[in-house]
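J.: Got a structure for you, query_2.txt, holding compact mmCIF, C-alpha atoms.
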# COMPACT_ATOMS: atom_id res chain seq x y z
CA MET A 1 17.84 16.05 0.12
CA LEU A 2 15.73 12.91 -0.21
CA HIS A 3 12.94 14.65 1.67
CA ASP A 4 13.05 17.41 -0.95
CA ILE A 5 12.59 14.87 -3.75
CA TYR A 6 9.94 12.86 -1.91
CA TYR A 7 8.12 15.89 -0.60
CA ARG A 8 4.95 13.99 0.40
CA PHE A 9 6.90 11.98 2.95
CA PRO A 10 6.86 13.33 6.53
CA LYS A 11 9.85 15.55 7.24
CA ASN A 12 10.09 14.16 10.79
CA PHE A 13 10.43 10.54 9.58
CA PRO A 14 13.91 9.32 8.56
CA LEU A 15 14.63 8.73 4.87
CA PRO A 16 16.05 6.24 4.01
CA MET A 17 13.88 4.36 6.48
CA VAL A 18 14.24 0.84 7.90
CA LEU A 19 11.02 -1.02 8.69
CA ASP A 20 10.70 -4.23 10.70
CA GLY A 21 10.72 -7.85 9.55
CA SER A 22 8.06 -10.54 9.56
CA THR A 23 5.46 -10.84 12.29
CA GLY A 24 3.58 -14.04 11.41
CA THR A 25 6.49 -16.33 10.57
CA SER A 26 8.51 -14.92 13.46
CA LEU A 27 5.67 -15.66 15.87
CA MET A 28 5.51 -19.21 14.50
CA ARG A 29 9.19 -19.59 15.36
CA GLU A 30 8.22 -18.49 18.89
CA GLY A 31 5.61 -21.23 19.14
CA MET A 32 2.44 -19.92 17.51
CA PRO A 33 0.75 -22.94 15.85
CA ALA A 34 0.18 -22.82 12.10
CA GLY A 35 -3.35 -21.66 11.29
CA SER A 36 -3.80 -19.79 14.57
CA CYS A 37 -5.57 -16.45 14.81
CA THR A 38 -2.54 -14.18 15.22
CA GLU A 39 -4.42 -11.48 17.13
CA ARG A 40 -5.76 -13.93 19.72
CA TRP A 41 -2.37 -15.63 20.15
CA VAL A 42 -0.55 -12.32 20.58
CA LEU A 43 -2.99 -11.19 23.28
CA GLU A 44 -2.40 -14.49 25.07
CA ASN A 45 1.39 -14.33 24.58
CA PRO A 46 2.32 -10.62 24.44
CA GLU A 47 5.87 -11.25 25.63
CA LYS A 48 6.57 -13.28 22.47
CA LEU A 49 5.67 -10.36 20.20
CA GLN A 50 7.61 -7.85 22.28
CA LYS A 51 10.68 -10.10 22.22
CA ILE A 52 10.58 -10.11 18.40
CA GLN A 53 10.05 -6.38 18.26
CA SER A 54 12.90 -5.73 20.69
CA GLU A 55 15.17 -7.71 18.38
CA TYR A 56 14.07 -5.56 15.44
CA ILE A 57 14.76 -2.38 17.39
CA SER A 58 18.22 -3.62 18.34
CA ALA A 59 18.86 -4.55 14.70
CA GLY A 60 18.09 -1.00 13.55
CA SER A 61 14.40 -0.72 12.69
CA ASP A 62 13.12 2.86 12.55
CA ALA A 63 9.52 1.62 12.71
CA LEU A 64 7.49 -1.34 13.92
CA TYR A 65 4.12 -2.50 12.64
CA THR A 66 1.42 -3.07 15.24
CA PRO A 67 0.09 -6.66 15.45
CA THR A 68 -3.28 -5.57 14.04
CA PHE A 69 -3.00 -6.95 10.49
CA GLY A 70 -6.27 -8.90 10.75
CA ALA A 71 -7.97 -6.71 13.36
CA ASN A 72 -10.74 -5.28 11.19
CA ARG A 73 -14.26 -6.19 12.28
CA PRO A 74 -15.20 -8.84 9.64
CA THR A 75 -11.86 -10.66 9.90
CA LEU A 76 -12.07 -10.74 13.70
CA GLU A 77 -15.65 -11.98 13.56
CA ARG A 78 -14.57 -14.89 11.37
CA SER A 79 -12.19 -15.82 14.19
CA GLY A 80 -14.84 -15.38 16.86
CA LEU A 81 -13.29 -12.24 18.35
CA ASP A 82 -15.01 -9.04 19.44
CA PHE A 83 -13.76 -5.90 17.66
CA ASP A 84 -14.32 -3.44 20.49
CA GLY A 85 -11.06 -2.54 22.23
CA ILE A 86 -8.87 -5.12 20.52
CA ASN A 87 -6.92 -2.71 18.29
CA GLU A 88 -6.11 -0.53 21.27
CA ARG A 89 -4.88 -3.53 23.28
CA LEU A 90 -2.78 -4.88 20.43
CA ALA A 91 -1.33 -1.51 19.42
CA ALA A 92 -0.34 -0.78 23.02
CA LEU A 93 2.24 -3.58 22.71
CA THR A 94 4.06 -1.54 20.02
CA VAL A 95 3.35 2.14 20.67
CA GLY A 96 5.86 3.93 22.91
CA ARG A 97 8.83 1.65 22.31
CA GLY A 98 11.16 4.41 21.14
CA VAL A 99 10.60 3.93 17.40
CA LEU A 100 7.74 4.86 15.06
CA ALA A 101 4.62 2.70 15.28
CA GLY A 102 2.67 1.92 12.10
CA GLY A 103 -0.97 0.93 12.49
CA ASP A 104 -1.11 -2.25 10.40
CA MET A 105 -4.24 -2.91 8.32
CA SER A 106 -5.01 -5.78 5.93
CA PRO A 107 -7.63 -6.69 3.32
CA THR A 108 -11.03 -7.59 4.77
CA GLY A 109 -11.75 -10.64 2.64
CA LEU A 110 -14.88 -8.93 1.29
CA PHE A 111 -15.61 -8.37 -2.40
CA ILE A 112 -16.82 -4.93 -3.39
CA GLU A 113 -19.67 -4.11 -5.78
CA PRO A 114 -20.21 -4.39 -8.71
CA PHE A 115 -18.09 -7.56 -8.90
CA GLY A 116 -18.90 -8.54 -5.31
CA ASP A 117 -21.83 -8.05 -2.96
CA THR A 118 -20.41 -5.51 -0.46
CA PRO A 119 -21.06 -1.79 -1.00
CA PHE A 120 -17.92 0.35 -1.33
CA ASP A 121 -19.01 2.67 1.49
CA GLU A 122 -19.48 -0.29 3.83
CA VAL A 123 -15.84 -1.25 3.32
CA VAL A 124 -14.80 2.38 3.81
CA GLY A 125 -16.65 2.26 7.13
CA ILE A 126 -14.85 -0.92 8.21
CA TYR A 127 -11.47 0.70 7.64
CA ARG A 128 -12.59 4.01 9.17
CA GLU A 129 -13.58 2.12 12.33
CA GLN A 130 -10.20 0.38 12.61
CA ALA A 131 -8.26 3.55 11.76
CA GLU A 132 -10.12 5.45 14.46
CA ALA A 133 -9.16 2.81 17.04
CA LEU A 134 -5.51 2.80 15.94
CA ASP A 135 -5.41 6.59 15.96
CA ARG A 136 -6.71 6.59 19.55
CA ALA A 137 -3.99 4.06 20.40
CA GLY A 138 -1.33 6.57 19.31
CA VAL A 139 0.14 5.10 16.12
CA ASP A 140 2.45 7.44 14.18
CA PHE A 141 1.31 6.34 10.73
CA PHE A 142 -0.93 3.81 9.02
CA ILE A 143 0.24 0.95 6.81
CA SER A 144 -2.23 -0.80 4.52
CA GLU A 145 -0.31 -3.86 3.36
CA THR A 146 -0.55 -7.11 1.38
CA ASN A 147 -3.23 -5.58 -0.84
CA ILE A 148 -4.51 -7.52 -3.82
CA SER A 149 -7.24 -5.06 -4.90
CA LEU A 150 -6.87 -1.38 -5.76
CA GLN A 151 -10.59 -0.94 -5.18
CA GLU A 152 -10.29 -2.17 -1.60
CA VAL A 153 -7.12 -0.24 -0.76
CA ARG A 154 -8.81 2.92 -2.06
CA ALA A 155 -11.58 2.21 0.45
CA ALA A 156 -8.93 1.76 3.15
CA VAL A 157 -7.19 5.06 2.41
CA ILE A 158 -10.49 6.96 2.21
CA GLY A 159 -11.57 5.41 5.52
CA ILE A 160 -8.30 6.39 7.19
CA ARG A 161 -8.49 9.92 5.80
CA GLU A 162 -11.99 10.39 7.21
CA VAL A 163 -10.61 10.13 10.76
CA SER A 164 -6.92 11.05 10.63
CA ASP A 165 -4.37 13.16 8.76
CA LYS A 166 -1.44 10.97 9.84
CA PRO A 167 0.78 9.55 7.05
CA VAL A 168 -0.53 6.54 5.13
CA PHE A 169 1.83 3.94 3.63
CA VAL A 170 0.49 1.39 1.12
CA THR A 171 2.07 -1.82 -0.16
CA MET A 172 0.60 -4.15 -2.77
CA THR A 173 1.20 -7.87 -3.29
CA VAL A 174 1.77 -8.68 -6.96
CA ASP A 175 2.89 -11.41 -9.33
CA ASP A 176 6.06 -11.36 -11.41
CA SER A 177 4.40 -9.13 -14.03
CA GLY A 178 3.55 -6.47 -11.45
CA ARG A 179 -0.18 -7.16 -11.25
CA THR A 180 -2.31 -7.97 -8.23
CA LEU A 181 -4.64 -10.94 -8.01
CA SER A 182 -7.39 -8.53 -9.12
CA GLY A 183 -5.41 -7.57 -12.23
CA ASP A 184 -4.39 -4.11 -10.99
CA ASP A 185 -1.21 -2.65 -12.48
CA LEU A 186 1.33 -1.21 -10.03
CA ILE A 187 1.70 2.11 -11.85
CA CYS A 188 -2.08 2.52 -11.95
CA CYS A 189 -2.21 1.80 -8.21
CA LEU A 190 0.43 4.45 -7.48
CA LEU A 191 -1.24 7.09 -9.69
CA SER A 192 -4.66 6.40 -8.18
CA LEU A 193 -3.56 6.36 -4.54
CA ALA A 194 -1.44 9.49 -4.96
CA GLU A 195 -4.72 11.29 -5.63
CA LEU A 196 -5.89 10.22 -2.16
CA GLY A 197 -2.83 11.62 -0.39
CA ILE A 198 -0.66 8.63 0.51
CA SER A 199 2.87 9.25 1.81
CA ALA A 200 4.72 6.11 0.62
CA PHE A 201 3.99 3.22 -1.76
CA GLY A 202 5.49 -0.10 -2.74
CA ILE A 203 5.40 -3.89 -2.58
CA ASN A 204 5.39 -6.39 0.25
CA CYS A 205 5.31 -10.17 0.47
CA SER A 206 4.95 -11.14 -3.23
CA GLN A 207 8.46 -12.56 -3.74
CA GLY A 208 12.07 -12.20 -2.72
CA PRO A 209 14.13 -9.02 -3.21
CA ASP A 210 15.43 -10.16 -6.61
CA GLY A 211 11.90 -10.29 -8.02
CA MET A 212 11.08 -6.77 -6.83
CA ILE A 213 13.96 -4.92 -8.49
CA ALA A 214 12.52 -4.65 -12.01
CA LEU A 215 9.00 -3.92 -10.71
CA LEU A 216 10.11 -1.04 -8.49
CA LYS A 217 12.52 0.33 -11.09
CA ARG A 218 9.48 0.69 -13.38
CA LEU A 219 7.71 2.69 -10.67
CA ALA A 220 10.64 4.96 -9.84
CA PRO A 221 10.03 7.74 -12.44
CA TYR A 222 6.41 8.10 -11.26
CA SER A 223 7.45 7.94 -7.60
CA LYS A 224 9.95 10.75 -8.12
CA SER A 225 7.46 12.90 -10.03
CA LEU A 226 4.75 12.44 -7.39
CA GLY A 227 7.09 12.97 -4.42
CA ILE A 228 6.16 9.60 -2.94
CA PRO A 229 9.04 7.28 -1.86
CA LEU A 230 9.06 3.58 -2.72
CA ILE A 231 8.81 0.74 -0.20
CA ALA A 232 10.26 -2.77 -0.61
CA LYS A 233 9.37 -5.36 2.05
CA PRO A 234 10.28 -8.66 0.37
CA ASN A 235 10.05 -12.22 1.60
CA ALA A 236 13.19 -14.14 2.45
CA GLY A 237 13.00 -15.76 -0.97
CA LEU A 238 10.59 -18.56 -1.87
CA PRO A 239 8.71 -20.58 0.79
CA HIS A 240 9.00 -24.33 1.24
CA GLU A 241 6.52 -26.20 3.43
CA ASP A 242 7.58 -29.08 5.64
CA CYS A 243 5.36 -32.06 6.42
CA ASP A 244 4.48 -30.45 9.77
CA GLY A 245 3.01 -27.43 7.97
CA CYS A 246 5.85 -25.06 8.88
CA GLN A 247 7.31 -22.84 6.19
CA HIS A 248 10.97 -22.24 5.51
CA PHE A 249 12.38 -19.70 3.05
CA ASP A 250 15.35 -20.18 0.76
CA LEU A 251 17.37 -16.98 1.34
CA SER A 252 19.67 -16.38 4.27
CA ALA A 253 20.15 -12.83 5.52
CA GLU A 254 23.50 -12.69 3.69
CA GLU A 255 21.93 -13.82 0.40
CA PHE A 256 19.03 -11.40 0.90
CA ALA A 257 21.48 -8.55 1.45
CA LYS A 258 23.13 -9.02 -1.96
CA TYR A 259 20.05 -7.56 -3.68
CA LEU A 260 19.59 -4.54 -1.42
CA PRO A 261 22.04 -2.12 -3.11
CA GLU A 262 20.34 -2.70 -6.46
CA LEU A 263 16.93 -2.08 -4.90
CA MET A 264 18.11 1.20 -3.43
CA ASP A 265 19.83 2.25 -6.66
CA ALA A 266 16.49 1.57 -8.41
CA GLY A 267 14.82 4.20 -6.25
CA VAL A 268 13.73 2.36 -3.09
CA THR A 269 14.31 4.35 0.10
CA ILE A 270 12.12 2.42 2.57
CA LEU A 271 13.14 -1.17 3.28
CA GLY A 272 11.99 -4.00 5.51
CA GLY A 273 11.42 -7.73 5.48
CA CYS A 274 8.27 -9.80 5.12
CA CYS A 275 7.65 -13.56 5.45
CA GLY A 276 10.66 -15.56 6.59
CA SER A 277 12.74 -12.56 7.67
CA ASP A 278 14.02 -11.93 11.18
CA ALA A 279 16.35 -9.54 13.01
CA LYS A 280 19.37 -10.73 11.00
CA PHE A 281 17.65 -9.45 7.85
CA ILE A 282 17.00 -6.08 9.49
CA THR A 283 20.66 -5.85 10.49
CA ALA A 284 21.60 -6.44 6.84
CA ILE A 285 19.16 -3.74 5.71
CA ARG A 286 20.52 -1.24 8.25
CA GLU A 287 24.06 -1.88 7.02
CA CYS A 288 22.98 -1.41 3.40
CA VAL A 289 21.19 1.84 4.25
CA GLY A 290 24.36 3.16 5.91
CA GLU A 291 26.45 2.26 2.86
CA PHE A 292 23.86 3.83 0.57
CA ALA A 293 23.95 7.09 2.56
CA ASP A 294 27.73 7.17 2.19
CA ARG A 295 27.54 6.54 -1.57
CA MET A 296 24.80 9.15 -2.05
CA SER A 297 26.54 11.87 -0.04
CA GLY A 298 27.98 13.46 -3.17
CA SER A 299 24.86 13.05 -5.33
CA PRO A 300 21.75 12.55 -3.20
CA ASP A 301 19.24 13.53 -5.88
CA TYR A 302 18.66 10.23 -7.75
CA SER A 303 19.78 12.01 -10.92
CA ASN A 304 19.79 8.63 -12.71
CA ILE A 305 15.98 8.58 -12.47
CA ALA A 306 14.15 10.91 -14.85
CA PRO A 307 10.73 11.88 -13.40
CA ALA A 308 7.67 10.98 -15.46
CA ASP A 309 5.14 13.70 -16.28
CA THR A 310 2.01 12.54 -14.46
CA SER A 311 -0.02 15.72 -14.93
CA ARG A 312 -1.77 14.52 -18.10
CA LEU A 313 -2.19 10.88 -17.16
CA ALA A 314 -5.48 9.14 -16.51
CA CYS A 315 -5.87 5.47 -15.66
CA THR A 316 -8.21 2.65 -14.82
CA ASN A 317 -6.93 0.01 -12.42
CA ARG A 318 -5.02 -1.60 -15.29
CA ALA A 319 -4.69 0.82 -18.25
CA ILE A 320 -3.06 4.27 -18.62
CA ALA A 321 -3.80 7.05 -21.12
CA GLU A 322 -1.64 10.09 -21.73
CA VAL A 323 -3.75 13.04 -22.88
CA SER A 324 -1.84 15.59 -24.94
CA GLU A 325 -4.87 17.68 -25.92
CA ALA A 326 -8.02 18.17 -23.89
CA PRO A 327 -10.84 16.15 -25.48
CA THR A 328 -14.31 17.61 -25.96
CA PRO A 329 -16.55 16.16 -23.27
CA ILE A 330 -20.08 14.99 -24.05
CA SER A 331 -23.06 14.55 -21.74
CA VAL A 332 -22.64 11.39 -19.73
CA THR A 333 -25.96 10.00 -21.01
CA GLU A 334 -24.90 10.38 -24.63
CA CYS A 335 -21.39 9.22 -23.87
CA PHE A 336 -22.26 6.02 -22.08
CA PHE A 337 -25.35 4.95 -23.97
CA ASP A 338 -24.57 6.03 -27.53
CA ASP A 339 -20.79 5.45 -27.37
CA VAL A 340 -20.24 8.72 -29.21
CA CYS A 341 -17.28 9.83 -27.11
CA MET A 342 -15.44 6.53 -26.90
CA GLU A 343 -12.04 7.25 -28.36
CA GLU A 344 -9.23 4.78 -28.82
CA HIS A 345 -7.80 5.38 -25.37
CA LEU A 346 -10.10 7.67 -23.37
CA VAL A 347 -13.71 8.46 -22.42
CA ALA A 348 -14.48 12.16 -21.91
CA ALA A 349 -17.75 12.91 -20.14
CA LYS A 350 -19.62 15.85 -18.65
CA LEU A 351 -21.49 15.40 -15.37
CA ASP A 352 -24.27 17.97 -15.06
CA ASP A 353 -25.69 16.77 -11.74
CA GLU A 354 -25.70 13.99 -9.14
CA ALA A 355 -27.88 11.77 -11.33
CA ALA A 356 -25.23 11.95 -14.06
CA ALA A 357 -22.58 11.04 -11.45
CA ASP A 358 -24.63 7.99 -10.49
CA ILE A 359 -24.76 6.88 -14.12
CA PHE A 360 -21.00 7.31 -14.39
CA ILE A 361 -20.33 5.40 -11.14
CA GLU A 362 -22.53 2.48 -12.24
CA THR A 363 -21.06 2.22 -15.73
CA ALA A 364 -17.37 3.13 -15.29
CA PRO A 365 -16.31 -0.32 -13.94
CA MET A 366 -17.31 -1.83 -17.28
CA LEU A 367 -15.04 0.47 -19.31
CA SER A 368 -11.64 -0.73 -20.45
CA VAL A 369 -10.19 2.75 -21.04
CA PRO A 370 -9.50 5.66 -18.63
CA CYS A 371 -11.85 8.60 -18.19
CA ALA A 372 -11.75 12.39 -18.21
CA LEU A 373 -14.51 14.37 -16.49
CA THR A 374 -15.84 17.87 -16.25
CA GLY A 375 -19.08 19.46 -15.06
CA ASP A 376 -20.73 20.16 -11.72
CA PRO A 377 -18.02 20.13 -9.00
CA ALA A 378 -20.12 18.14 -6.52
CA ALA A 379 -20.96 15.54 -9.16
CA VAL A 380 -17.31 15.23 -10.22
CA ALA A 381 -16.22 14.89 -6.57
CA LYS A 382 -18.74 12.08 -6.07
CA ALA A 383 -17.48 10.28 -9.17
CA LYS A 384 -13.87 10.59 -7.96
CA ARG A 385 -14.74 8.89 -4.66
CA TYR A 386 -15.91 5.71 -6.37
CA TYR A 387 -13.78 5.60 -9.53
CA ASN A 388 -11.26 2.76 -9.42
CA GLY A 389 -8.38 4.64 -10.99
CA LYS A 390 -7.20 8.19 -11.64
CA LEU A 391 -9.56 10.57 -13.42
CA LEU A 392 -8.30 13.45 -15.55
CA ILE A 393 -10.33 16.49 -14.50
CA LEU A 394 -10.84 18.88 -17.42
Could you show the structure in this file as structure tokens?

T.:
Amino acid sequence: MLHDIYYRFPKNFPLPMVLDGSTGTSLMREGMPAGSCTERWVLENPEKLQKIQSEYISAGSDALYTPTFGANRPTLERSGLDFDGINERLAALTVGRGVLAGGDMSPTGLFIEPFGDTPFDEVVGIYREQAEALDRAGVDFFISETNISLQEVRAAVIGIREVSDKPVFVTMTVDDSGRTLSGDDLICCLLSLAELGISAFGINCSQGPDGMIALLKRLAPYSKSLGIPLIAKPNAGLPHEDCDGCQHFDLSAEEFAKYLPELMDAGVTILGGCCGSDAKFITAIRECVGEFADRMSGSPDYSNIAPADTSRLACTNRAIAEVSEAPTPISVTECFFDDVCMEEHLVAAKLDDEAAADIFIETAPMLSVPCALTGDPAAVAKAKRYYNGKLLIL
């Protein structure tokens, strides 16, 4: 039944789904020095990673993330590592272990134009390159995690989609108000990424499970409407750093588990652990998922969550407009230079050709309200590629 509600989620993946726990902090418990390049250390100590992953499998994980979080080309180069072949070698430690393998991908550390100096298509190419390597390695899905910029995760999803049709999961890292470091709103992120064909969406790292409940509850009506299940991969509470540089987290697995039923009742069906978690946390999640399945057996339709109507929504990365009546679009030149079609909550523009699309792409990041577009299909498609939000197509 859950697969019927969340129809964009793969039918051959379990739902509810249990992910794994932390990689970085677990490796540090196994001896990885603080500040080390994780990818290099794992290649030098593969048995340490596989020990951790075996514990997650035994605890009940349905999926493991590959140890490729920082294995995109620019991040590896900053650590003095060669990109060629490294994703395949790292992923081989996870693929074929009897559970699903998610090709893990992280932010690049680059800043995209116009607020940075890296072209959008260059970042798309970086992610396409890593996705192609992970696809060759045999991952079952891709996970773009710990994202702090909608603009960059859009580049990641587009890059993945250029080389593979395997499922794409996305998790953002946000503050207590539900915004990323770049100011992106979670609902705007979900609406925008749904347009690109993601299969699951949620939050990782950020905070403990208690801090995620309200944020994910706010997303649940949109998640249900879009057919995209929600992910929660919280930390084991708040971190505390010792004088030796090691981090400890303030929630035990038992304390962590107290919040899980409320997360699932709020609409979360994919659960795992992030920083500070270990196999004990995954055991607690697996037990909660079993209890949830028993409770939902009589009413597995999340009838307490009313789906939001997303069909008439447009958004920037931080603002949403609901359009009840189709506005009258005006030529993009008039619209953007004479401000004649700036309404209180929406810009409606007509793109006649590629030149008009270029004007739109250059100017749209400066607008504070969402946009609706019509016009030449090729021009509109080009605008959609670069627009950091969800466009309403008239």

J.: Between A:Ala279, A:Val170, A:Cys274, A:Ile359, which is the closest to Leu238 (chain A) once you count all atoms listed in the file?

T.: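 The answer is A:Cys274, which sits nearest to Leu238 (chain A).
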
J.: Measuring atom to atom with only C-alpha atoms, identify which of A:Ile282, A:Leu81, A:Ala155, A:Leu191 is nearest to Glu254 (chain A).

T.: A:Ile282

J.: By how many Å are CA of Lys350 (chain A) and CA of Leu373 (chain A) apart?

T.: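 That distance, rounded to one decimal, is 5.7 Å.
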
J.: Under the rule that all atoms listed in the file are counted, which of A:Ser106, A:Thr328, A:Thr180, A:Ser22 is the nearest residue to Gln130 (chain A)?

T.: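 Selected residue with least distance to Gln130 (chain A): A:Ser106.
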
J.: Which is closest to Phe201 (chain A) among A:Tyr6, A:Val163, A:Trp41, A:Pro46, if we use all atoms listed in the file?

T.: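 For Phe201 (chain A), the nearest of the given residues is A:Tyr6.
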
J.: Would you kindly identify which residues have an atom no farther than 7 Å from (1.6, -2.1, 1.3), using only C-alpha atoms and the file's own coordinates, and write them out as a list in words?

T.: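 Output of the proximity query reads Ile143, Ser144, Glu145, Thr146, Asn147, Phe169, Val170, Thr171, Met172, Phe201, Gly202, Ile203 and Asn204 of chain A.
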
J.: Taking 2 positions as the minimum chain separation for residues in the same chain, which residues sit within 12 Å of Ala364 (chain A) when counting all atoms listed in the file? Answer as a CSV table (one decimal) with C-alpha atoms, keeping the file's coordinate frame.

T.:
chain,number,residue,atom,x,y,z
A,114,PRO,CA,-20.2,-4.4,-8.7
A,315,CYS,CA,-5.9,5.5,-15.7
A,316,THR,CA,-8.2,2.6,-14.8
A,317,ASN,CA,-6.9,0.0,-12.4
A,332,VAL,CA,-22.6,11.4,-19.7
A,335,CYS,CA,-21.4,9.2,-23.9
A,336,PHE,CA,-22.3,6.0,-22.1
A,337,PHE,CA,-25.4,5.0,-24.0
A,346,LEU,CA,-10.1,7.7,-23.4
A,347,VAL,CA,-13.7,8.5,-22.4
A,348,ALA,CA,-14.5,12.2,-21.9
A,349,ALA,CA,-17.8,12.9,-20.1
A,356,ALA,CA,-25.2,12.0,-14.1
A,357,ALA,CA,-22.6,11.0,-11.4
A,358,ASP,CA,-24.6,8.0,-10.5
A,359,ILE,CA,-24.8,6.9,-14.1
A,360,PHE,CA,-21.0,7.3,-14.4
A,361,ILE,CA,-20.3,5.4,-11.1
A,362,GLU,CA,-22.5,2.5,-12.2
A,366,MET,CA,-17.3,-1.8,-17.3
A,367,LEU,CA,-15.0,0.5,-19.3
A,368,SER,CA,-11.6,-0.7,-20.4
A,369,VAL,CA,-10.2,2.8,-21.0
A,370,PRO,CA,-9.5,5.7,-18.6
A,371,CYS,CA,-11.8,8.6,-18.2
A,372,ALA,CA,-11.8,12.4,-18.2
A,373,LEU,CA,-14.5,14.4,-16.5
A,383,ALA,CA,-17.5,10.3,-9.2
A,384,LYS,CA,-13.9,10.6,-8.0
A,386,TYR,CA,-15.9,5.7,-6.4
A,387,TYR,CA,-13.8,5.6,-9.5
A,388,ASN,CA,-11.3,2.8,-9.4
A,389,GLY,CA,-8.4,4.6,-11.0
A,390,LYS,CA,-7.2,8.2,-11.6
A,391,LEU,CA,-9.6,10.6,-13.4

J.: Could you please determine the separation between CA of Ser324 (chain A) and CA of Ile228 (chain A) in Å, to one decimal place?

T.: 24.2 Å

J.: For each of A:Cys188, A:Leu196, A:Ala257, A:Leu226, take the minimum atom-to-atom distance to Arg154 (chain A), counting only C-alpha atoms, then give the residue where this is smallest.

T.: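 Checking each candidate against Arg154 (chain A), we get A:Leu196 as the closest.
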
J.: Have a look at CA of Pro377 (chain A) and CA of Ile393 (chain A) and let me know their distance in Å, one decimal.

T.: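 Pair CA of Pro377 (chain A) / CA of Ile393 (chain A) returns 10.1 Å.
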
J.: Give me the residues within 7 Å of region 211-217 of chain A as a list in words, counting only C-alpha atoms and dropping any in the same chain fewer than 5 places off.

T.: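 Counting only the stated atoms, we get Asp176, Gly178, Leu263, Ala266 and Gly267 of chain A.
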
J.: List the neighbours of Asp135 (chain A) out to 12 Å using all atoms listed in the file; skip same-chain residues closer than 6 positions along the sequence, and give me the result as a list in words.

T.: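 Selected residues are Thr66, Asn87, Glu88, Ala91, Ala92, Val95, Ala101, Gly102, Gly103, Asp104, Tyr127, Arg128, Glu129, Phe141, Phe142, Ile160, Arg161, Glu162, Val163, Ser164, Asp165, Lys166, Pro167 and Val168 of chain A.
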
J.: Set the distance at 12 Å and use all atoms listed in the file: which residues neighbour Ser303 (chain A) once local chain neighbours fewer than 4 positions away are removed? I'd like the list as a list in words.

T.: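 Skipping anything fewer than 4 positions along the chain leaves Met1, Leu2, Ile5, Ala220, Pro221, Lys224, Asp265, Ala266, Gly267, Met296, Gly298, Ser299 and Pro307 of chain A.
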
J.: Out of A:Leu76, A:Val99, A:Met32, A:Leu110, which residue has the shortest atom-to-atom distance to Ser54 (chain A) when counting only C-alpha atoms?

T.: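 Using only C-alpha atoms, Ser54 (chain A) sits closest to A:Val99.
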
J.: Tell me which protein, DNA and RNA residues are within 12 Å of Thr94 (chain A), counting only C-alpha atoms, leaving out same-chain ones fewer than 4 positions away, and put them as a PyMOL selection string.

T.: chain A and resi 20+42+46-47+49-54+56-57+63-68+87-90+98-104+134+137-140
